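Novice: Below is the file query34.tsv, which contains TSV, C-alpha atoms.
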chain	number	residue	atom	x	y	z
A	1	MET	CA	-5.13	-13.42	-8.21
A	2	VAL	CA	-3.06	-10.60	-9.69
A	3	PRO	CA	-1.75	-12.01	-12.99
A	4	GLN	CA	1.90	-11.94	-13.93
A	5	GLY	CA	3.01	-9.26	-16.33
A	6	THR	CA	5.42	-6.48	-17.22
A	7	PHE	CA	4.79	-2.80	-16.58
A	8	LEU	CA	6.50	0.57	-16.55
A	9	MET	CA	7.10	1.52	-12.92
A	10	GLY	CA	7.31	5.17	-11.90
A	11	SER	CA	6.25	8.30	-13.75
A	12	SER	CA	7.42	9.78	-17.01
A	13	THR	CA	9.06	13.19	-17.04
A	14	GLU	CA	5.93	14.52	-18.76
A	15	GLU	CA	3.51	13.51	-15.99
A	16	SER	CA	2.05	16.47	-14.12
A	17	ASP	CA	3.00	16.88	-10.45
A	18	ARG	CA	5.62	14.13	-10.58
A	19	MET	CA	8.54	14.09	-8.14
A	20	ASP	CA	12.13	13.19	-9.00
A	21	TRP	CA	12.03	10.13	-6.76
A	22	GLU	CA	9.38	8.60	-9.04
A	23	GLY	CA	12.02	7.98	-11.69
A	24	PRO	CA	13.64	6.86	-13.75
A	25	GLN	CA	10.67	5.05	-15.19
A	26	HIS	CA	11.70	1.44	-15.79
A	27	SER	CA	10.32	-1.90	-16.91
A	28	VAL	CA	9.55	-4.46	-14.19
A	29	ARG	CA	8.47	-8.07	-14.62
A	30	VAL	CA	6.10	-9.14	-11.83
A	31	GLY	CA	5.09	-12.72	-11.13
A	32	SER	CA	1.51	-13.59	-10.22
A	33	PHE	CA	0.52	-13.06	-6.58
A	34	LEU	CA	-2.46	-12.76	-4.29
A	35	MET	CA	-3.35	-9.42	-2.69
A	36	SER	CA	-6.19	-8.44	-0.40
A	37	GLN	CA	-8.75	-6.47	-2.39
A	38	CYS	CA	-8.98	-3.87	0.38
A	39	ALA	CA	-6.76	-2.45	3.07
A	40	VAL	CA	-6.93	-4.36	6.36
A	41	ASN	CA	-9.97	-3.14	8.26
A	42	GLN	CA	-10.39	-2.68	12.00
A	43	VAL	CA	-12.30	-5.92	12.62
A	44	GLN	CA	-9.61	-7.93	10.83
A	45	TRP	CA	-6.89	-6.18	12.80
A	46	ASN	CA	-8.67	-6.80	16.10
A	47	ARG	CA	-9.05	-10.51	15.41
A	48	VAL	CA	-5.46	-11.05	14.35
A	49	SER	CA	-4.13	-8.95	17.24
A	50	ALA	CA	-5.68	-11.51	19.60
A	51	LEU	CA	-3.58	-14.33	18.13
A	52	PRO	CA	-0.40	-15.46	19.91
A	53	LYS	CA	2.49	-12.98	19.83
A	54	ILE	CA	5.36	-13.68	17.43
A	55	ASP	CA	7.78	-10.78	18.05
A	56	ILE	CA	5.93	-7.71	19.33
A	57	ASP	CA	2.68	-6.80	21.07
A	58	LEU	CA	-0.23	-5.38	19.09
A	59	ASP	CA	-2.77	-2.84	20.30
A	60	PRO	CA	-6.18	-4.36	19.45
A	61	ASP	CA	-7.72	-0.93	18.75
A	62	PRO	CA	-5.07	1.54	17.56
A	63	SER	CA	-7.06	3.55	15.02
A	64	TYR	CA	-7.88	7.23	15.45
A	65	PHE	CA	-10.96	6.98	13.23
A	66	LYS	CA	-13.36	4.26	14.35
A	67	GLY	CA	-15.40	1.92	12.16
A	68	ASP	CA	-15.43	-1.84	11.69
A	69	ARG	CA	-15.00	-1.54	7.93
A	70	ASN	CA	-12.72	1.47	8.02
A	71	PRO	CA	-9.03	0.79	7.53
A	72	VAL	CA	-6.86	0.20	10.55
A	73	GLU	CA	-4.35	3.04	10.95
A	74	ARG	CA	-1.82	4.30	13.48
A	75	VAL	CA	0.09	1.04	13.04
A	76	SER	CA	3.84	0.99	12.47
A	77	TRP	CA	5.63	-0.92	9.73
A	78	TYR	CA	6.84	-3.36	12.39
A	79	GLU	CA	3.28	-3.89	13.62
A	80	ALA	CA	2.02	-4.48	10.07
A	81	CYS	CA	4.71	-7.15	9.70
A	82	GLU	CA	3.68	-8.69	13.03
A	83	PHE	CA	0.10	-8.89	11.74
A	84	CYS	CA	1.34	-10.74	8.66
A	85	ASN	CA	3.42	-13.10	10.79
A	86	ARG	CA	0.53	-13.94	13.13
A	87	LEU	CA	-1.79	-14.52	10.19
A	88	SER	CA	0.85	-16.74	8.60
A	89	GLN	CA	1.20	-18.83	11.75
A	90	LEU	CA	-2.58	-19.27	11.93
A	91	THR	CA	-3.08	-20.22	8.28
A	92	ARG	CA	0.29	-21.86	7.54
A	93	ARG	CA	0.66	-19.56	4.54
A	94	ALA	CA	3.33	-16.87	4.19
A	95	TYR	CA	1.48	-13.55	4.33
A	96	ARG	CA	3.59	-10.43	3.91
A	97	LEU	CA	3.55	-6.79	2.90
A	98	PRO	CA	3.67	-6.21	-0.86
A	99	SER	CA	6.82	-5.00	-2.51
A	100	GLU	CA	6.61	-1.47	-3.87
A	101	ALA	CA	6.65	-2.89	-7.40
A	102	GLU	CA	3.82	-5.31	-6.65
A	103	TRP	CA	1.82	-2.50	-5.10
A	104	GLU	CA	2.15	-0.20	-8.11
A	105	TYR	CA	1.51	-3.04	-10.56
A	106	ALA	CA	-1.69	-4.00	-8.71
A	107	CYS	CA	-2.74	-0.36	-8.53
A	108	ARG	CA	-2.21	0.35	-12.22
A	109	ALA	CA	-3.96	-2.86	-13.33
A	110	GLY	CA	-2.65	-2.46	-16.86
A	111	THR	CA	-3.02	1.33	-17.10
A	112	ARG	CA	-0.38	3.99	-17.73
A	113	THR	CA	-2.41	7.03	-16.71
A	114	PRO	CA	-1.81	8.89	-13.43
A	115	PHE	CA	-4.78	7.05	-11.85
A	116	TYR	CA	-6.17	3.65	-12.72
A	117	PHE	CA	-9.42	5.31	-13.80
A	118	GLY	CA	-7.74	7.89	-16.05
A	119	ASN	CA	-6.00	11.25	-15.95
A	120	THR	CA	-8.10	12.89	-13.24
A	121	ILE	CA	-9.54	11.98	-9.86
A	122	THR	CA	-12.89	13.01	-8.37
A	123	LEU	CA	-14.59	12.63	-4.99
A	124	GLU	CA	-16.87	10.00	-6.52
A	125	LEU	CA	-13.80	7.83	-7.12
A	126	ALA	CA	-11.59	8.34	-4.04
A	127	ASN	CA	-11.27	9.91	-0.58
A	128	PHE	CA	-8.64	12.66	-0.68
A	129	SER	CA	-7.94	16.28	0.25
A	130	GLY	CA	-9.99	16.04	3.43
A	131	GLU	CA	-13.23	16.38	1.48
A	132	HIS	CA	-15.03	13.48	3.20
A	133	GLN	CA	-15.26	15.27	6.58
A	134	ARG	CA	-11.53	14.67	7.06
A	135	ILE	CA	-11.94	11.03	8.04
A	136	THR	CA	-11.27	7.64	6.54
A	137	THR	CA	-14.07	5.89	4.68
A	138	GLU	CA	-14.94	2.20	4.47
A	139	VAL	CA	-12.28	0.21	2.66
A	140	ASN	CA	-14.57	-0.87	-0.19
A	141	GLN	CA	-16.54	2.36	-0.58
A	142	PHE	CA	-15.08	3.25	-3.97
A	143	PRO	CA	-15.09	1.29	-7.26
A	144	PRO	CA	-12.38	-1.35	-7.80
A	145	ASN	CA	-9.85	-1.36	-10.61
A	146	ALA	CA	-9.53	-4.05	-13.29
A	147	PHE	CA	-7.70	-6.34	-10.84
A	148	GLY	CA	-10.50	-5.97	-8.27
A	149	MET	CA	-8.53	-3.70	-5.92
A	150	HIS	CA	-10.42	-1.09	-3.89
A	151	GLY	CA	-9.06	2.13	-2.42
A	152	MET	CA	-5.58	2.25	-3.90
A	153	HIS	CA	-5.93	5.99	-4.54
A	154	GLY	CA	-6.51	7.96	-1.34
A	155	ASN	CA	-8.24	7.03	1.93
A	156	ILE	CA	-5.15	5.49	3.53
A	157	LEU	CA	-1.47	5.20	2.65
A	158	GLU	CA	-0.26	1.60	2.65
A	159	TRP	CA	3.02	0.24	3.95
A	160	CYS	CA	5.21	-1.67	1.50
A	161	ALA	CA	8.09	-4.02	2.31
A	162	ASP	CA	10.75	-1.83	0.67
A	163	HIS	CA	13.33	0.42	2.27
A	164	TRP	CA	13.24	3.97	0.92
A	165	HIS	CA	15.59	4.91	-1.93
A	166	GLU	CA	15.75	8.42	-3.38
A	167	ASN	CA	15.16	7.19	-6.94
A	168	TYR	CA	14.96	3.99	-8.97
A	169	MET	CA	18.57	3.88	-10.11
A	170	GLY	CA	19.65	0.29	-9.41
A	171	ALA	CA	16.16	-0.89	-8.46
A	172	PRO	CA	15.33	-4.58	-9.03
A	173	ASN	CA	13.37	-5.38	-12.17
A	174	ASP	CA	11.80	-8.63	-10.96
A	175	GLY	CA	9.13	-7.23	-8.65
A	176	SER	CA	11.02	-8.04	-5.45
A	177	ALA	CA	11.30	-5.67	-2.49
A	178	TRP	CA	14.32	-3.35	-2.61
A	179	LEU	CA	16.09	-3.49	0.74
A	180	SER	CA	19.22	-1.83	2.12
A	181	ASP	CA	21.72	-2.69	4.85
A	182	ASN	CA	20.23	-0.02	7.11
A	183	LYS	CA	17.55	-1.77	9.16
A	184	ASN	CA	16.39	1.62	10.50
A	185	ALA	CA	15.86	3.03	7.00
A	186	ARG	CA	12.58	4.72	6.23
A	187	ARG	CA	9.99	2.44	4.64
A	188	VAL	CA	7.90	3.08	1.56
A	189	ALA	CA	4.19	3.84	1.79
A	190	ARG	CA	1.94	4.15	-1.26
A	191	GLY	CA	-1.45	5.38	-2.38
A	192	GLY	CA	-2.07	8.76	-0.81
A	193	SER	CA	-4.62	9.36	1.94
A	194	TRP	CA	-7.74	11.20	3.04
A	195	ASP	CA	-5.87	14.43	3.84
A	196	VAL	CA	-3.56	14.95	0.84
A	197	ALA	CA	-3.96	16.60	-2.55
A	198	SER	CA	-4.81	14.47	-5.57
A	199	SER	CA	-1.24	14.65	-6.88
A	200	PHE	CA	-0.10	12.51	-3.93
A	201	CYS	CA	-2.68	9.84	-4.78
A	202	ARG	CA	-1.29	9.06	-8.25
A	203	SER	CA	-0.24	5.49	-9.07
A	204	ALA	CA	3.44	6.51	-9.13
A	205	SER	CA	3.42	8.71	-6.02
A	206	ARG	CA	5.72	7.58	-3.20
A	207	SER	CA	5.92	8.44	0.50
A	208	ARG	CA	8.32	7.35	3.24
A	209	TYR	CA	8.19	7.07	7.02
A	210	LEU	CA	10.30	5.67	9.82
A	211	PRO	CA	9.36	2.03	10.47
A	212	ASP	CA	8.15	2.81	14.00
A	213	ASP	CA	5.95	5.75	12.92
A	214	ARG	CA	2.25	5.48	13.70
A	215	ARG	CA	0.06	7.87	11.71
A	216	ARG	CA	-3.67	8.23	11.24
A	217	THR	CA	-2.98	8.32	7.49
A	218	VAL	CA	-1.11	5.00	7.17
A	219	GLY	CA	-2.40	1.42	7.10
A	220	PHE	CA	-1.65	-1.59	4.89
A	221	ARG	CA	-2.94	-4.53	2.89
A	222	VAL	CA	-1.51	-8.04	2.74
A	223	THR	CA	0.00	-10.09	-0.05
A	224	LEU	CA	0.64	-13.76	-0.64
A	225	SER	CA	2.89	-15.34	-3.26
A	226	SER	CA	0.84	-17.40	-5.71
A	227	ASP	CA	2.85	-20.57	-5.04
A	228	ASN	CA	2.21	-20.37	-1.30
Is it possible to express this structure as structure tokens?
Specialist:
Amino acid sequence: MVPQGTFLMGSSTEESDRMDWEGPQHSVRVGSFLMSQCAVNQVQWNRVSALPKIDIDLDPDPSYFKGDRNPVERVSWYEACEFCNRLSQLTRRAYRLPSEAEWEYACRAGTRTPFYFGNTITLELANFSGEHQRITTEVNQFPPNAFGMHGMHGNILEWCADHWHENYMGAPNDGSAWLSDNKNARRVARGGSWDVASSFCRSASRSRYLPDDRRRTVGFRVTLSSDN
């Protein structure tokens, strides 16, 4: 369980390597919720892909890098949502992608530093910059944060529910996903990946992709409201 709380979302103007779309930094109140401790791995994806179709077909083995405990990747935002919907139908619980605010709150786990383990990142703490033979690593290979979350810096970017906005002006302050009227809008992905510099793995760093993009750097983890 990720406990409820209030945090400062985004980066301050003093943070090194920040981008303008990480601001303005603002206070967000997040209710308690459940989040998978790791990104969805390839065994989990394969099992859920075999469940009855809700809206779209799922490739049972889409990943470029192979490994049962490695994160699934090369899945679109739509396919990640289909996974959540199939899992929801099986369990009768409403699984979903996290909002961008929930993702950052869970990543920070009460910290305000660029990374949940401090101001700097090392290869003993995360998979980034292509230094682990330019491949993904197992989803729980690196130490968890204070909320028990593994791999939120590097290894694989993670889809969020939100539509992309160029900054946080007008963003919700209740932890909900920020959507727009454009259903084809780019979607937010968080966390950095195995092939990017450390600056793109910071807690506040944001990326965006078209919802039908499939990349070997993007996967996801699932979330469940605590009252569900």
Novice: Compare A:Met152, A:Cys201, A:Val188, A:Cys84 by their minimum atom-to-atom distance to A:Thr120, counting only C-alpha atoms, and give me the closest one.
Specialist: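 Selected residue with least distance to A:Thr120: A:Cys201.
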Novice: With only C-alpha atoms as the basis for distance, which of A:Gln89, A:Gln37, A:Asn46, A:Thr217 is at the shortest distance from A:Phe142?
Specialist: A:Gln37
Novice: When you draw a straight line from atom CA of A:Glu166 to atom CA of A:Gly192, how long is it in Å?
Specialist: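 Separation between atom CA of A:Glu166 and atom CA of A:Gly192: 18.0 Å.
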Novice: I'd like to know which of A:Arg214, A:Leu90, A:Asp17, A:Ala177 is closest to A:Arg47, using only C-alpha atoms.
Specialist: A:Leu90
Novice: Hey, which of A:Met169, A:Ala106, A:Ala80, A:Met1 ends up closest to A:Leu224? Count all atoms listed in the file.
Specialist: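 Ranking A:Met169, A:Ala106, A:Ala80, A:Met1 by distance to A:Leu224, first place goes to A:Met1.
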Novice: Just give me the gap between atom CA of A:Pro24 and atom CA of A:Gly10 in Å, one decimal is fine.
Specialist: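 Atom CA of A:Pro24 sits 6.8 Å away from atom CA of A:Gly10.
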Novice: Suppose you want the space between atom CA of A:Pro211 and atom CA of A:Arg92; what is it in Å?
Specialist: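 Value for the atom CA of A:Pro211-atom CA of A:Arg92 distance: 25.7 Å.
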